[in-house]
Structure formats: structure tokens, C-alpha cells
Amino acid sequence: MIDGDSAPNADPTANPDLAPAYRGTPMPDYVNAWVSTQRWFGNKGQVPALRSIGHFSLDSFDPDVTIRIDLMLDTASLRLTLYQLPTTERVFELAGSPNALITVRRPGSDRARFIYDAAYDPIFAAAVLNFMELQSVTGSTHPPATDRTGVSAHGEDLRPDIASPRGTTVVSSRVLSGEQSNTSIIVQRTDATGAPTIPIICKVFRIIHAGENPDVVVQAALSNAGSVRIPLPFGDVLGQWDDPAEPDGRAVGHLVFAQEFLPDAPDAWRTALVAAASGSDFTGPAFRLGQATADVHADLARTLPTLDVTPAVIAGEMATMRQRCHQALHEIPMLTKHGDAIEAVFARAEAATWPRLQRIHGDFHLGQVLDVRDRGWVLLDFEGEPLRTLRERTRPDIALRDVAGMLRSFSYVAGAMTAAMPDSTGMEAPGEPVADETTNAGPTIFEWALACRNAFLNGYAERSGIKLADQKALLDAFELDKALYEAVYEIRNRPTWLPIPLAAIERLVGVSHKSPL
């Protein structure tokens with residue numbers, strides 16, 4: 001809750017099972033109304049009933065600005081979603097940020113205070129980076145001994161190079177548009193001499209989960225391993241709060257993650273689309289992408305725990321695949337005729353020899369890779385598949401899942417090029433499905449995509465030493481699983497694109513040879 005405000009219509013006894021009185025303080029109505037309009041708010045079309053379960057402050061570089069971070073439960077949501085709301089309270093208005101204004105307290109008086117979404121305030125950007133750099137620790141304004149809503153946080157400096165510039169000055173910040181569950185701030189800084197330093201992208205997680213965020217943990221591990229295949233991490237903020245669902249009553253989770261920003265590097269999705277549109281050979285970049293993927297997998301297997309595959313693990317994974325298949329057949333009845341053939345693909349995978357489990361990317365496609373000058377391919381966003389739970393996304397997995405995802409993505413370029421779009425090269429990479437094919441294209445684009453797929457596999461095999469031919473049964477099953485996932489996404493969101501994953505499914509179950517992909 002914003003200091004000095006109250007929620008006059010909030011009933012502390014309402015809904016006692018979901019939000020007992022000790023679980024926080026009701027937020028003012030204007031906060032509920034403002035949050036309901038934000039892209040990162042999960043319960044679209046509804047107005048939340050937010051309760052702050054605790055807050056903490058960051059040191060401000062401006063005496064006229066105070067910074068506060070609230071963790072808020074939405075008690076109107078069946079899942080009791082936990083949100084993070086950082087705010088700045090200013091004596092003077094923040095120029096150029098009218099959309100970030102949450103409310104004005106005591107408007108029209110000489111004691112007026114302007115409350116902003118802190119992500120849009122450069123003072124917040126400077127404070128949170130400084131919090132990481134100093135590895136500071138802060139706590140709730142109420143001691144946990146007397147208040148069961150205590151929240152604390154500490155900053156971590158993740159930079160591997162001790163020569164990285166310290167004592168920098170933030171000169172500007174801006175928020176990236178279009179994100180759903182996070183808010184990313186691009187921060188420009190200068191060093192002590194006034195020279196620009198490497199820009200930072202600071203990701204504020206809006207929906208908070210108990211447990212370590214894989215994007216932070218995986219990239220920190222890769223950085224410690226000396227990998228050049230990721231943006232260099234800067235730091236993170238780790239929060240702790242009361243949660244009766246946790247064994248010891250306290251939850252720990254990441255609140256913010258900052259890393260190197262690579263502003264002039266195009267992503268592989270757009271690079272591939274441009275190459276496909278012009279008929280340019282892309283097998284060289286695809287081969288090097290296979291090598292880069294193998295490099296990352298090797299570093300992850302070397303620095304993070306791996307596990308042997310047990311019959312229980314295989315049974316669990318196959319049960320998940322079959323469940324997704326059941327969902328796809330339910331939503332897309334035309335697939336039911338392929339039910340037996342799909343099961344045959346799964347049965348072959350179930351009987352195959354599985355490699356050790358390790359940490360992987362988890363949501364790998366061309367939109368997650370940047371082409372960085374003098375550095376090559378750089379992988380982004382290791383948070384994993386959005387629809388998986390945090391527990392699923394943080395446990396070891398099969399590296400072939402990433403390989404299958406990228407195969408689907410190269411096929412998807414062919415599908416995108418044949419879709420009825422006025423400018424396919426300017427099209428945004430889809431947020432969920434990342435690879436498809438179609439039956440309506442001529443041979444040229446399919447030959448282009450098939451050559452890219454093969455080049456990627458060759459690069460991966462060359463660098464990893466894995467004989468992918470021996471893994472065909474597994475790779476086919478993971479690609480089929482991904483295609484079924486895509487089909488459900490398309491029928492729900494873009495029905496005109498449904499033929500793309502359908503053609504992939506038919507090819508993978510062996511009933512169609514119209515498409516070489």
C-alpha cells in the first residue's frame with residue numbers, strides 16, 4: 001500500500017479462507033484499478049483485490065524521490081497470484097511519463113505527491129542497479145517479530161569480471177513495450193570519466209513465484225563457466241516473504257534480473273526470414289547455431305547438476321506428452337485419425353535409450369537468439385516454456401527438447417513465408433509456437449528450410465559429438481510433441497495458421513510426404 005493511503009471500502013474479514021486478516025493490508029482502490037489496466041496483469045477483464053503482504057524501500061539518489069516495492073496478493077484470483085509493484089513517490093512530476101502515473105496524493109496543494117510506476121523512473125533504475133552492485137540487504141518496514149507480513153530483499157552482483165566499471169552514473173532509462181509478464185528497463189550509464197558503458201537491460205518480474213528463476217540461475221552458471229553465448233549478467237535482487245504454503249513459512253524468489261543489453265543485434269528469426277525471402281543461403285549461420293547450442297548444453301552439463309534417467313522419469317515424461325496429445329485431439333478433432341500413429345511415435349521414444357538429464361534452455365527458437373557482431377550467436381531468455389510451472393522449468397530435462405524446438409523454428413520460417421501476410425520479414429516472432437510447416441508452398445522455400453534444419457543438426461552433432469541418428473526416435477517424439485502444442489496454440493489464437501503444425505504432425509507420423517519438413 002502507498003504510505004499515507006488507506007482502502008476505506010476494504011473489509012478485512014471478507015473471504016477469510018483466501019485472505020485471512022494477517023495476510024497483508026488491502027491496497028487502495030486506485031491501485032486495483034490501475035493494475036487492472038496493465039499488460040502484465042494476469043486476470044484480464046477483472047479488477048483485482050490486492051493486499052500488500054509486505055514492502056521494502058531502496059535508497060534514492062534524489063531526496064525528493066522515495067522508492068518502495070510492494071508484494072501484493074490478488075485475492076480475487078483463484079490462484080492467489082503474487083505481483084510486484086515498485087513505486088516512486090515524487091515531490092515533482094516525472095516529465096514525459098503520464099502513462100506511468102498511478103495517482104496524485106493531495107492534488108492541488110503544496111504537499112502534493114505524485115505516485116508513479118517506478119519502472120519508468122530513472123531514479124529507480126539507478127537505485128536497483130546500485131542495490132545489486134553493493135550487494136545490499138533491506139527488510140520490511142515492520143519487523144517480522146511483530147508483523148507476519150515481513151518482506152526482505154538482497155542484491156547480488158553477478159558480474160564475473162572484477163574489472164567491470166563500478167560507480168557508474170545512470171543517464172537515462174526507458175521501458176520496452178509489448179511485454180506481458182515482465183517489465184524490462186533499458187539503462188544507459190556513464191563511467192567516472194563520463195564515457196558510456198555497456199547498456200543494461202533490467203528485467204522486473206511482475207508475477208512473483210517462490211523458487212529461483214531459471215533465467216537468473218542458468219545464465220549466472222553459464223557466465224561463471226566463461227560462456228560467451230549469453231549476454232553478460234550484471235546482478236539480481238532476491239526477495240523473501242511469508243508464505244504459509246512453504247514448509248518453513250518463508251518463500252524465496254527472484255524479483256529483478258539485470259544483464260548486458262545488445263541493442264544492435266538482430267534476432268535469428270528476422271535474420272532467417274530476410275534470408276528466406278531473398279533466397280540467400282543460410283546453412284552457414286544454421287550450422288554455427290547448432291554449434292552454439294551444443295556449447296551451451298555442454299557448459300550447462302558441466303556447471304549444473306545432471307541426473308540419470310530412470311524408468312519413472314521416462315514414464316512421467318511420456319505421460320505428459322500423451323496428456324498434451326489428448327488435449328490436442330480434443331480441441332482439433334481432425335487429428336483423431338492420427339491417434340494410433342502418434343502413439344506409435346511415442347512408444348518408440350519410450351523404448352529408446354535416453355541421455356542424462358541436464359538443465360536446458362526450455363523454450364528454444366529463432367526469436368531467442370541474437371546475431372552479435374564479432375561474437376556470433378547469443379542465446380536469450382532461459383525462463384523456459386511459459387505454460388510450464390516453475391518447478392517443471394527448473395528441473396533437469398532432455399537436451400534434445402531444445403534441438404527439436406529449433407528444428408520446428410526453421411520449419412516455421414517456411415510456414416511464415418507462405419502465410420498471407422503483407423510483410424513477412426517484419427513479422428514478430430510468435431510468443432508461443434516457434435516452428436511449423438505448410439502444404440501450400442513451392443519446393444524452393446521448403447528446400448531452404450530443410451537445408452537449414454540439416455545444417456543445424458550437423459553443427460550440433462559436430463560440436464557435441466552426439467550421433468543424432470541414434471537419437472531419431474527421441475528427437476521425432478519431441479518434435480511431434482512440440483507440433484501438437486503448436487496446433488493447440490494455433491486453433492486458439494490463429495486458426496488460419498493451423499495447417500502449418502498439422503502438416504508437421506502428418507509428416508512426423510508418416511502419413512504425408514507432401515512437405516520435406
# chains A, B, ... in the order shown; residues from 1 in each chain; ligands from 1
$ closest_atom_pairs --of "stretch 176-217 of chain A" --to "stretch 86-89 of chain A" --cutoff "12 Å" --atoms "only C-alpha atoms" --output "CSV"
residue,atom,partner,partner_atom,distance
A:Thr183,CA,A:Pro86,CA,11.0
A:Val204,CA,A:Pro86,CA,9.0
A:Phe205,CA,A:Pro86,CA,10.4
A:Arg206,CA,A:Pro86,CA,9.3
$ write_last_selection --atoms "C-alpha atoms" --output "PDB file, in the first residue's frame"
ATOM      1  CA  THR A 183       8.809  -5.117 -17.443  1.00  0.00           C
ATOM      2  CA  VAL A 204      11.449  -6.526 -13.277  1.00  0.00           C
ATOM      3  CA  PHE A 205       9.413  -9.667 -12.688  1.00  0.00           C
ATOM      4  CA  ARG A 206       5.804  -8.609 -12.178  1.00  0.00           C
TER       5      ARG A 206
END
$ residues_around --residues "A:Asp191" --least-positions-apart "2" --cutoff "10 Å" --atoms "only C-alpha atoms" --output "list of chain:residue names"
A:Pro165, A:Arg166, A:Gly167, A:Thr168, A:Thr169, A:Val170, A:Arg189, A:Thr193, A:Gly194, A:Ala195, A:Pro196, A:Thr197, A:Ile198
$ closest_residue --among "A:Gly290, A:Gly279, A:Pro122, A:Gly108" --to "A:Gly96" --atoms "only C-alpha atoms"
A:Pro122
$ closest_residue --among "A:Phe456, A:Tyr412, A:Trp377, A:Phe346" --to "A:Ala473" --atoms "only C-alpha atoms"
A:Phe346
$ residues_around --residues "A:Ala265" --least-positions-apart "4" --cutoff "10 Å" --atoms "only C-alpha atoms" --output "list in words"
Phe261, Val369, Leu370, Asp371, Val372, Arg373, Gly376, Trp377 and Val378 of chain A
$ write_last_selection --atoms "all heavy atoms" --output "mmCIF file, in the first residue's frame"
data_model
loop_
_atom_site.group_PDB
_atom_site.id
_atom_site.type_symbol
_atom_site.label_atom_id
_atom_site.label_comp_id
_atom_site.auth_asym_id
_atom_site.auth_seq_id
_atom_site.Cartn_x
_atom_site.Cartn_y
_atom_site.Cartn_z
ATOM 1 N N PHE A 261 22.844 -5.427 -22.324
ATOM 2 C CA PHE A 261 21.869 -5.203 -23.391
ATOM 3 C C PHE A 261 22.606 -5.096 -24.713
ATOM 4 O O PHE A 261 23.618 -4.395 -24.820
ATOM 5 C CB PHE A 261 21.068 -3.933 -23.117
ATOM 6 C CG PHE A 261 20.044 -3.626 -24.171
ATOM 7 C CD1 PHE A 261 19.044 -4.535 -24.475
ATOM 8 C CD2 PHE A 261 20.068 -2.414 -24.859
ATOM 9 C CE1 PHE A 261 18.092 -4.257 -25.444
ATOM 10 C CE2 PHE A 261 19.115 -2.130 -25.829
ATOM 11 C CZ PHE A 261 18.128 -3.048 -26.123
ATOM 12 N N VAL A 369 17.470 -15.970 -30.073
ATOM 13 C CA VAL A 369 18.894 -15.952 -30.400
ATOM 14 C C VAL A 369 19.217 -14.641 -31.115
ATOM 15 O O VAL A 369 18.477 -14.212 -32.006
ATOM 16 C CB VAL A 369 19.271 -17.140 -31.309
ATOM 17 C CG1 VAL A 369 20.786 -17.185 -31.523
ATOM 18 C CG2 VAL A 369 18.777 -18.455 -30.731
ATOM 19 N N LEU A 370 20.315 -14.014 -30.729
ATOM 20 C CA LEU A 370 20.762 -12.776 -31.356
ATOM 21 C C LEU A 370 22.033 -13.026 -32.151
ATOM 22 O O LEU A 370 22.900 -13.814 -31.757
ATOM 23 C CB LEU A 370 21.042 -11.695 -30.307
ATOM 24 C CG LEU A 370 19.877 -11.204 -29.468
ATOM 25 C CD1 LEU A 370 20.354 -10.105 -28.516
ATOM 26 C CD2 LEU A 370 18.740 -10.699 -30.337
ATOM 27 N N ASP A 371 22.153 -12.305 -33.280
ATOM 28 C CA ASP A 371 23.357 -12.348 -34.108
ATOM 29 C C ASP A 371 24.221 -11.144 -33.721
ATOM 30 O O ASP A 371 23.981 -10.021 -34.173
ATOM 31 C CB ASP A 371 22.961 -12.292 -35.582
ATOM 32 C CG ASP A 371 24.153 -12.461 -36.507
ATOM 33 O OD1 ASP A 371 25.244 -12.795 -36.018
ATOM 34 O OD2 ASP A 371 23.989 -12.250 -37.732
ATOM 35 N N VAL A 372 25.211 -11.375 -32.871
ATOM 36 C CA VAL A 372 26.005 -10.293 -32.299
ATOM 37 C C VAL A 372 27.323 -10.156 -33.055
ATOM 38 O O VAL A 372 28.055 -11.130 -33.227
ATOM 39 C CB VAL A 372 26.286 -10.542 -30.799
ATOM 40 C CG1 VAL A 372 27.093 -9.398 -30.203
ATOM 41 C CG2 VAL A 372 24.961 -10.710 -30.049
ATOM 42 N N ARG A 373 27.592 -8.935 -33.483
ATOM 43 C CA ARG A 373 28.806 -8.666 -34.246
ATOM 44 C C ARG A 373 30.057 -9.061 -33.447
ATOM 45 O O ARG A 373 30.193 -8.739 -32.274
ATOM 46 C CB ARG A 373 28.853 -7.171 -34.572
ATOM 47 C CG ARG A 373 29.954 -6.785 -35.544
ATOM 48 C CD ARG A 373 30.024 -5.276 -35.696
ATOM 49 N NE ARG A 373 30.730 -4.940 -36.912
ATOM 50 C CZ ARG A 373 30.141 -4.506 -38.019
ATOM 51 N NH1 ARG A 373 28.848 -4.310 -38.037
ATOM 52 N NH2 ARG A 373 30.843 -4.236 -39.094
ATOM 53 N N GLY A 376 29.117 -13.730 -32.642
ATOM 54 C CA GLY A 376 28.319 -14.855 -33.119
ATOM 55 C C GLY A 376 26.968 -14.930 -32.438
ATOM 56 O O GLY A 376 26.429 -13.929 -31.962
ATOM 57 N N TRP A 377 26.431 -16.133 -32.377
ATOM 58 C CA TRP A 377 25.100 -16.329 -31.825
ATOM 59 C C TRP A 377 25.117 -16.226 -30.298
ATOM 60 O O TRP A 377 25.957 -16.826 -29.634
ATOM 61 C CB TRP A 377 24.534 -17.690 -32.224
ATOM 62 C CG TRP A 377 24.269 -17.846 -33.691
ATOM 63 C CD1 TRP A 377 24.866 -18.745 -34.529
ATOM 64 C CD2 TRP A 377 23.332 -17.121 -34.480
ATOM 65 N NE1 TRP A 377 24.364 -18.610 -35.789
ATOM 66 C CE2 TRP A 377 23.413 -17.617 -35.796
ATOM 67 C CE3 TRP A 377 22.441 -16.082 -34.216
ATOM 68 C CZ2 TRP A 377 22.632 -17.124 -36.837
ATOM 69 C CZ3 TRP A 377 21.669 -15.583 -35.249
ATOM 70 C CH2 TRP A 377 21.760 -16.103 -36.540
ATOM 71 N N VAL A 378 24.149 -15.477 -29.762
ATOM 72 C CA VAL A 378 23.999 -15.295 -28.318
ATOM 73 C C VAL A 378 22.567 -15.671 -27.949
ATOM 74 O O VAL A 378 21.610 -15.170 -28.552
ATOM 75 C CB VAL A 378 24.303 -13.842 -27.903
ATOM 76 C CG1 VAL A 378 23.947 -13.606 -26.440
ATOM 77 C CG2 VAL A 378 25.786 -13.525 -28.154
#
$ residues_around --residues "A:Val65" --least-positions-apart "2" --cutoff "6 Å" --atoms "only C-alpha atoms" --output "VMD selection string"
chain A and resid 62 to 63 89 to 90
$ select_by_dssp --residues "stretch 158-350 of chain A" --states "alpha helix (DSSP H)" --output "compact mmCIF listing (two decimals) with N, CA, C and O atoms, in the first residue's frame"
# COMPACT_ATOMS: atom_id res chain seq x y z
N PRO A 214 14.73 -19.56 -13.40
CA PRO A 214 15.75 -20.22 -14.23
C PRO A 214 16.52 -19.26 -15.11
O PRO A 214 17.69 -19.52 -15.44
N ASP A 215 15.92 -18.15 -15.51
CA ASP A 215 16.63 -17.19 -16.34
C ASP A 215 17.85 -16.64 -15.61
O ASP A 215 18.92 -16.43 -16.21
N VAL A 216 17.73 -16.44 -14.30
CA VAL A 216 18.83 -15.93 -13.50
C VAL A 216 19.85 -17.03 -13.23
O VAL A 216 21.05 -16.88 -13.46
N VAL A 217 19.38 -18.17 -12.74
CA VAL A 217 20.27 -19.24 -12.31
C VAL A 217 21.06 -19.81 -13.47
O VAL A 217 22.29 -20.00 -13.38
N VAL A 218 20.39 -20.06 -14.59
CA VAL A 218 21.08 -20.69 -15.73
C VAL A 218 22.10 -19.74 -16.34
O VAL A 218 23.24 -20.13 -16.62
N GLN A 219 21.73 -18.46 -16.51
CA GLN A 219 22.68 -17.55 -17.13
C GLN A 219 23.85 -17.22 -16.19
O GLN A 219 24.98 -17.01 -16.65
N ALA A 220 23.60 -17.18 -14.90
CA ALA A 220 24.70 -16.98 -13.95
C ALA A 220 25.68 -18.15 -14.01
O ALA A 220 26.91 -17.97 -13.97
N ALA A 221 25.14 -19.37 -14.13
CA ALA A 221 26.00 -20.54 -14.23
C ALA A 221 26.81 -20.52 -15.52
O ALA A 221 28.01 -20.84 -15.53
N LEU A 222 26.18 -20.13 -16.62
CA LEU A 222 26.90 -20.06 -17.89
C LEU A 222 27.98 -18.99 -17.85
O LEU A 222 29.07 -19.18 -18.38
N SER A 223 27.67 -17.88 -17.22
CA SER A 223 28.67 -16.82 -17.08
C SER A 223 29.86 -17.29 -16.27
O SER A 223 31.03 -17.05 -16.63
N ASN A 224 29.59 -17.97 -15.17
CA ASN A 224 30.67 -18.50 -14.34
C ASN A 224 31.51 -19.53 -15.08
O ASN A 224 32.69 -19.73 -14.77
N ALA A 268 17.61 -14.07 -34.65
CA ALA A 268 17.76 -15.04 -35.73
C ALA A 268 16.46 -15.23 -36.51
O ALA A 268 16.49 -15.60 -37.69
N TRP A 269 15.33 -14.98 -35.87
CA TRP A 269 14.04 -15.10 -36.57
C TRP A 269 13.98 -14.13 -37.74
O TRP A 269 13.68 -14.52 -38.88
N ARG A 270 14.27 -12.87 -37.48
CA ARG A 270 14.22 -11.87 -38.55
C ARG A 270 15.35 -12.09 -39.56
O ARG A 270 15.15 -11.93 -40.76
N THR A 271 16.52 -12.47 -39.08
CA THR A 271 17.63 -12.74 -39.98
C THR A 271 17.29 -13.88 -40.92
O THR A 271 17.56 -13.81 -42.14
N ALA A 272 16.68 -14.93 -40.38
CA ALA A 272 16.30 -16.07 -41.22
C ALA A 272 15.20 -15.70 -42.20
O ALA A 272 15.22 -16.13 -43.36
N LEU A 273 14.24 -14.91 -41.77
CA LEU A 273 13.16 -14.50 -42.67
C LEU A 273 13.69 -13.69 -43.84
O LEU A 273 13.28 -13.87 -44.99
N VAL A 274 14.61 -12.77 -43.55
CA VAL A 274 15.20 -11.96 -44.62
C VAL A 274 15.95 -12.85 -45.60
O VAL A 274 15.85 -12.70 -46.82
N ALA A 275 16.71 -13.81 -45.06
CA ALA A 275 17.46 -14.72 -45.93
C ALA A 275 16.51 -15.58 -46.77
O ALA A 275 16.72 -15.78 -47.97
N ALA A 276 15.45 -16.07 -46.14
CA ALA A 276 14.49 -16.90 -46.86
C ALA A 276 13.79 -16.11 -47.95
O ALA A 276 13.56 -16.60 -49.06
N ALA A 277 13.42 -14.86 -47.64
CA ALA A 277 12.71 -14.02 -48.61
C ALA A 277 13.56 -13.72 -49.85
O ALA A 277 13.05 -13.61 -50.96
N SER A 278 14.87 -13.62 -49.63
CA SER A 278 15.77 -13.31 -50.75
C SER A 278 16.36 -14.55 -51.38
O SER A 278 17.10 -14.45 -52.37
N THR A 283 22.68 -21.82 -44.56
CA THR A 283 23.17 -23.04 -43.93
C THR A 283 24.39 -22.77 -43.06
O THR A 283 24.58 -23.45 -42.04
N GLY A 284 25.24 -21.79 -43.44
CA GLY A 284 26.39 -21.46 -42.61
C GLY A 284 25.98 -20.96 -41.23
O GLY A 284 26.42 -21.50 -40.21
N PRO A 285 25.12 -19.93 -41.16
CA PRO A 285 24.62 -19.48 -39.85
C PRO A 285 23.89 -20.58 -39.09
O PRO A 285 24.02 -20.68 -37.86
N ALA A 286 23.13 -21.43 -39.80
CA ALA A 286 22.41 -22.51 -39.12
C ALA A 286 23.39 -23.52 -38.52
O ALA A 286 23.19 -24.01 -37.40
N PHE A 287 24.46 -23.83 -39.25
CA PHE A 287 25.48 -24.74 -38.73
C PHE A 287 26.12 -24.16 -37.47
O PHE A 287 26.28 -24.86 -36.47
N ARG A 288 26.46 -22.87 -37.52
CA ARG A 288 27.08 -22.23 -36.35
C ARG A 288 26.11 -22.14 -35.18
O ARG A 288 26.53 -22.20 -34.02
N LEU A 289 24.82 -22.01 -35.48
CA LEU A 289 23.83 -22.01 -34.41
C LEU A 289 23.76 -23.38 -33.74
O LEU A 289 23.61 -23.48 -32.51
N GLY A 290 23.90 -24.44 -34.52
CA GLY A 290 23.97 -25.77 -33.94
C GLY A 290 25.17 -25.92 -33.03
O GLY A 290 25.08 -26.50 -31.94
N GLN A 291 26.31 -25.37 -33.46
CA GLN A 291 27.50 -25.40 -32.61
C GLN A 291 27.28 -24.62 -31.31
O GLN A 291 27.66 -25.07 -30.23
N ALA A 292 26.69 -23.42 -31.44
CA ALA A 292 26.45 -22.60 -30.25
C ALA A 292 25.52 -23.30 -29.28
O ALA A 292 25.72 -23.24 -28.05
N THR A 293 24.50 -23.97 -29.80
CA THR A 293 23.57 -24.70 -28.94
C THR A 293 24.29 -25.82 -28.19
O THR A 293 24.10 -26.02 -26.98
N ALA A 294 25.16 -26.53 -28.90
CA ALA A 294 25.92 -27.59 -28.26
C ALA A 294 26.87 -27.03 -27.21
O ALA A 294 27.06 -27.64 -26.14
N ASP A 295 27.47 -25.87 -27.48
CA ASP A 295 28.34 -25.23 -26.49
C ASP A 295 27.59 -24.95 -25.20
O ASP A 295 28.09 -25.22 -24.09
N VAL A 296 26.40 -24.39 -25.33
CA VAL A 296 25.61 -24.05 -24.15
C VAL A 296 25.21 -25.30 -23.39
O VAL A 296 25.30 -25.35 -22.15
N HIS A 297 24.78 -26.32 -24.11
CA HIS A 297 24.41 -27.57 -23.44
C HIS A 297 25.59 -28.17 -22.69
O HIS A 297 25.45 -28.67 -21.56
N ALA A 298 26.77 -28.13 -23.30
CA ALA A 298 27.95 -28.68 -22.65
C ALA A 298 28.30 -27.90 -21.38
O ALA A 298 28.63 -28.49 -20.34
N ASP A 299 28.22 -26.57 -21.45
CA ASP A 299 28.52 -25.75 -20.27
C ASP A 299 27.51 -25.99 -19.16
O ASP A 299 27.87 -26.03 -17.98
N LEU A 300 26.24 -26.15 -19.53
CA LEU A 300 25.23 -26.39 -18.51
C LEU A 300 25.43 -27.76 -17.85
O LEU A 300 25.26 -27.90 -16.63
N ALA A 301 25.77 -28.76 -18.65
CA ALA A 301 26.01 -30.09 -18.08
C ALA A 301 27.23 -30.09 -17.18
O ALA A 301 27.32 -30.89 -16.22
N ARG A 302 28.18 -29.19 -17.46
CA ARG A 302 29.41 -29.15 -16.68
C ARG A 302 29.25 -28.37 -15.37
O ARG A 302 29.94 -28.65 -14.39
N THR A 303 28.34 -27.39 -15.35
CA THR A 303 28.27 -26.49 -14.20
C THR A 303 27.04 -26.67 -13.32
O THR A 303 27.05 -26.22 -12.17
N PRO A 311 13.35 -45.26 -15.10
CA PRO A 311 12.06 -45.62 -15.69
C PRO A 311 10.93 -44.68 -15.25
O PRO A 311 10.02 -44.38 -16.04
N ALA A 312 11.01 -44.21 -14.02
CA ALA A 312 9.96 -43.29 -13.53
C ALA A 312 10.02 -41.97 -14.28
O ALA A 312 8.96 -41.38 -14.59
N VAL A 313 11.23 -41.49 -14.55
CA VAL A 313 11.37 -40.23 -15.29
C VAL A 313 10.79 -40.39 -16.70
O VAL A 313 10.05 -39.53 -17.19
N ILE A 314 11.13 -41.49 -17.37
CA ILE A 314 10.62 -41.73 -18.72
C ILE A 314 9.11 -41.83 -18.70
O ILE A 314 8.41 -41.24 -19.54
N ALA A 315 8.58 -42.56 -17.74
CA ALA A 315 7.12 -42.72 -17.65
C ALA A 315 6.44 -41.38 -17.43
O ALA A 315 5.39 -41.09 -18.03
N GLY A 316 7.04 -40.53 -16.58
CA GLY A 316 6.46 -39.23 -16.32
C GLY A 316 6.47 -38.34 -17.55
O GLY A 316 5.48 -37.65 -17.85
N GLU A 317 7.59 -38.34 -18.28
CA GLU A 317 7.69 -37.51 -19.48
C GLU A 317 6.71 -37.99 -20.55
O GLU A 317 6.03 -37.20 -21.19
N MET A 318 6.62 -39.29 -20.74
CA MET A 318 5.70 -39.81 -21.75
C MET A 318 4.24 -39.55 -21.35
O MET A 318 3.39 -39.30 -22.21
N ALA A 319 3.94 -39.61 -20.06
CA ALA A 319 2.58 -39.30 -19.61
C ALA A 319 2.23 -37.85 -19.94
O ALA A 319 1.10 -37.54 -20.35
N THR A 320 3.22 -36.95 -19.77
CA THR A 320 2.99 -35.54 -20.10
C THR A 320 2.76 -35.37 -21.59
O THR A 320 1.86 -34.62 -22.01
N MET A 321 3.56 -36.04 -22.42
CA MET A 321 3.35 -35.96 -23.86
C MET A 321 1.97 -36.48 -24.24
O MET A 321 1.27 -35.87 -25.06
N ARG A 322 1.58 -37.59 -23.66
CA ARG A 322 0.29 -38.17 -24.01
C ARG A 322 -0.86 -37.28 -23.53
O ARG A 322 -1.91 -37.20 -24.19
N GLN A 323 -0.66 -36.61 -22.42
CA GLN A 323 -1.69 -35.69 -21.95
C GLN A 323 -1.85 -34.52 -22.92
O GLN A 323 -2.97 -34.12 -23.24
N ARG A 324 -0.71 -33.97 -23.41
CA ARG A 324 -0.79 -32.88 -24.38
C ARG A 324 -1.42 -33.37 -25.68
O ARG A 324 -2.16 -32.64 -26.33
N CYS A 325 -1.10 -34.60 -26.06
CA CYS A 325 -1.71 -35.17 -27.26
C CYS A 325 -3.22 -35.30 -27.09
O CYS A 325 -3.99 -34.95 -28.00
N HIS A 326 -3.65 -35.77 -25.93
CA HIS A 326 -5.08 -35.89 -25.65
C HIS A 326 -5.77 -34.53 -25.77
O HIS A 326 -6.87 -34.42 -26.35
N GLN A 327 -5.13 -33.49 -25.25
CA GLN A 327 -5.70 -32.14 -25.34
C GLN A 327 -5.81 -31.70 -26.79
O GLN A 327 -6.80 -31.11 -27.20
N ALA A 328 -4.76 -31.97 -27.57
CA ALA A 328 -4.78 -31.57 -28.98
C ALA A 328 -5.87 -32.30 -29.75
O ALA A 328 -6.60 -31.70 -30.56
N LEU A 329 -6.02 -33.60 -29.51
CA LEU A 329 -7.05 -34.36 -30.22
C LEU A 329 -8.44 -33.91 -29.81
O LEU A 329 -9.38 -33.93 -30.63
N HIS A 330 -8.58 -33.48 -28.56
CA HIS A 330 -9.88 -32.98 -28.09
C HIS A 330 -10.24 -31.66 -28.77
O HIS A 330 -11.40 -31.45 -29.16
N GLU A 331 -9.26 -30.77 -28.90
CA GLU A 331 -9.54 -29.44 -29.47
C GLU A 331 -9.50 -29.43 -30.99
O GLU A 331 -10.07 -28.53 -31.62
N GLY A 339 -4.39 -40.75 -34.15
CA GLY A 339 -4.11 -41.12 -32.77
C GLY A 339 -3.19 -42.32 -32.63
O GLY A 339 -2.23 -42.30 -31.85
N ASP A 340 -3.46 -43.37 -33.39
CA ASP A 340 -2.63 -44.58 -33.29
C ASP A 340 -1.22 -44.32 -33.80
O ASP A 340 -0.25 -44.82 -33.21
N ALA A 341 -1.09 -43.55 -34.86
CA ALA A 341 0.24 -43.26 -35.41
C ALA A 341 1.05 -42.39 -34.45
O ALA A 341 2.26 -42.57 -34.31
N ILE A 342 0.38 -41.44 -33.79
CA ILE A 342 1.06 -40.62 -32.79
C ILE A 342 1.55 -41.48 -31.64
O ILE A 342 2.70 -41.36 -31.18
N GLU A 343 0.71 -42.40 -31.19
CA GLU A 343 1.09 -43.29 -30.10
C GLU A 343 2.28 -44.16 -30.49
O GLU A 343 3.16 -44.45 -29.66
N ALA A 344 2.35 -44.56 -31.75
CA ALA A 344 3.48 -45.38 -32.20
C ALA A 344 4.80 -44.61 -32.11
O ALA A 344 5.83 -45.17 -31.74
N VAL A 345 4.76 -43.30 -32.45
CA VAL A 345 5.96 -42.46 -32.32
C VAL A 345 6.36 -42.38 -30.85
O VAL A 345 7.54 -42.51 -30.50
N PHE A 346 5.39 -42.18 -29.98
CA PHE A 346 5.68 -42.08 -28.56
C PHE A 346 6.22 -43.41 -28.01
O PHE A 346 7.13 -43.43 -27.17
N ALA A 347 5.66 -44.51 -28.48
CA ALA A 347 6.10 -45.83 -27.98
C ALA A 347 7.56 -46.09 -28.37
O ALA A 347 8.33 -46.66 -27.58
N ARG A 348 7.95 -45.68 -29.58
CA ARG A 348 9.34 -45.87 -29.99
C ARG A 348 10.27 -45.04 -29.11
O ARG A 348 11.37 -45.49 -28.72
N ALA A 349 9.85 -43.82 -28.78
CA ALA A 349 10.67 -42.98 -27.90
C ALA A 349 10.76 -43.58 -26.50
O ALA A 349 11.83 -43.57 -25.88
N GLU A 350 9.67 -44.13 -26.03
CA GLU A 350 9.64 -44.70 -24.68
C GLU A 350 10.59 -45.88 -24.56
O GLU A 350 11.19 -46.12 -23.50
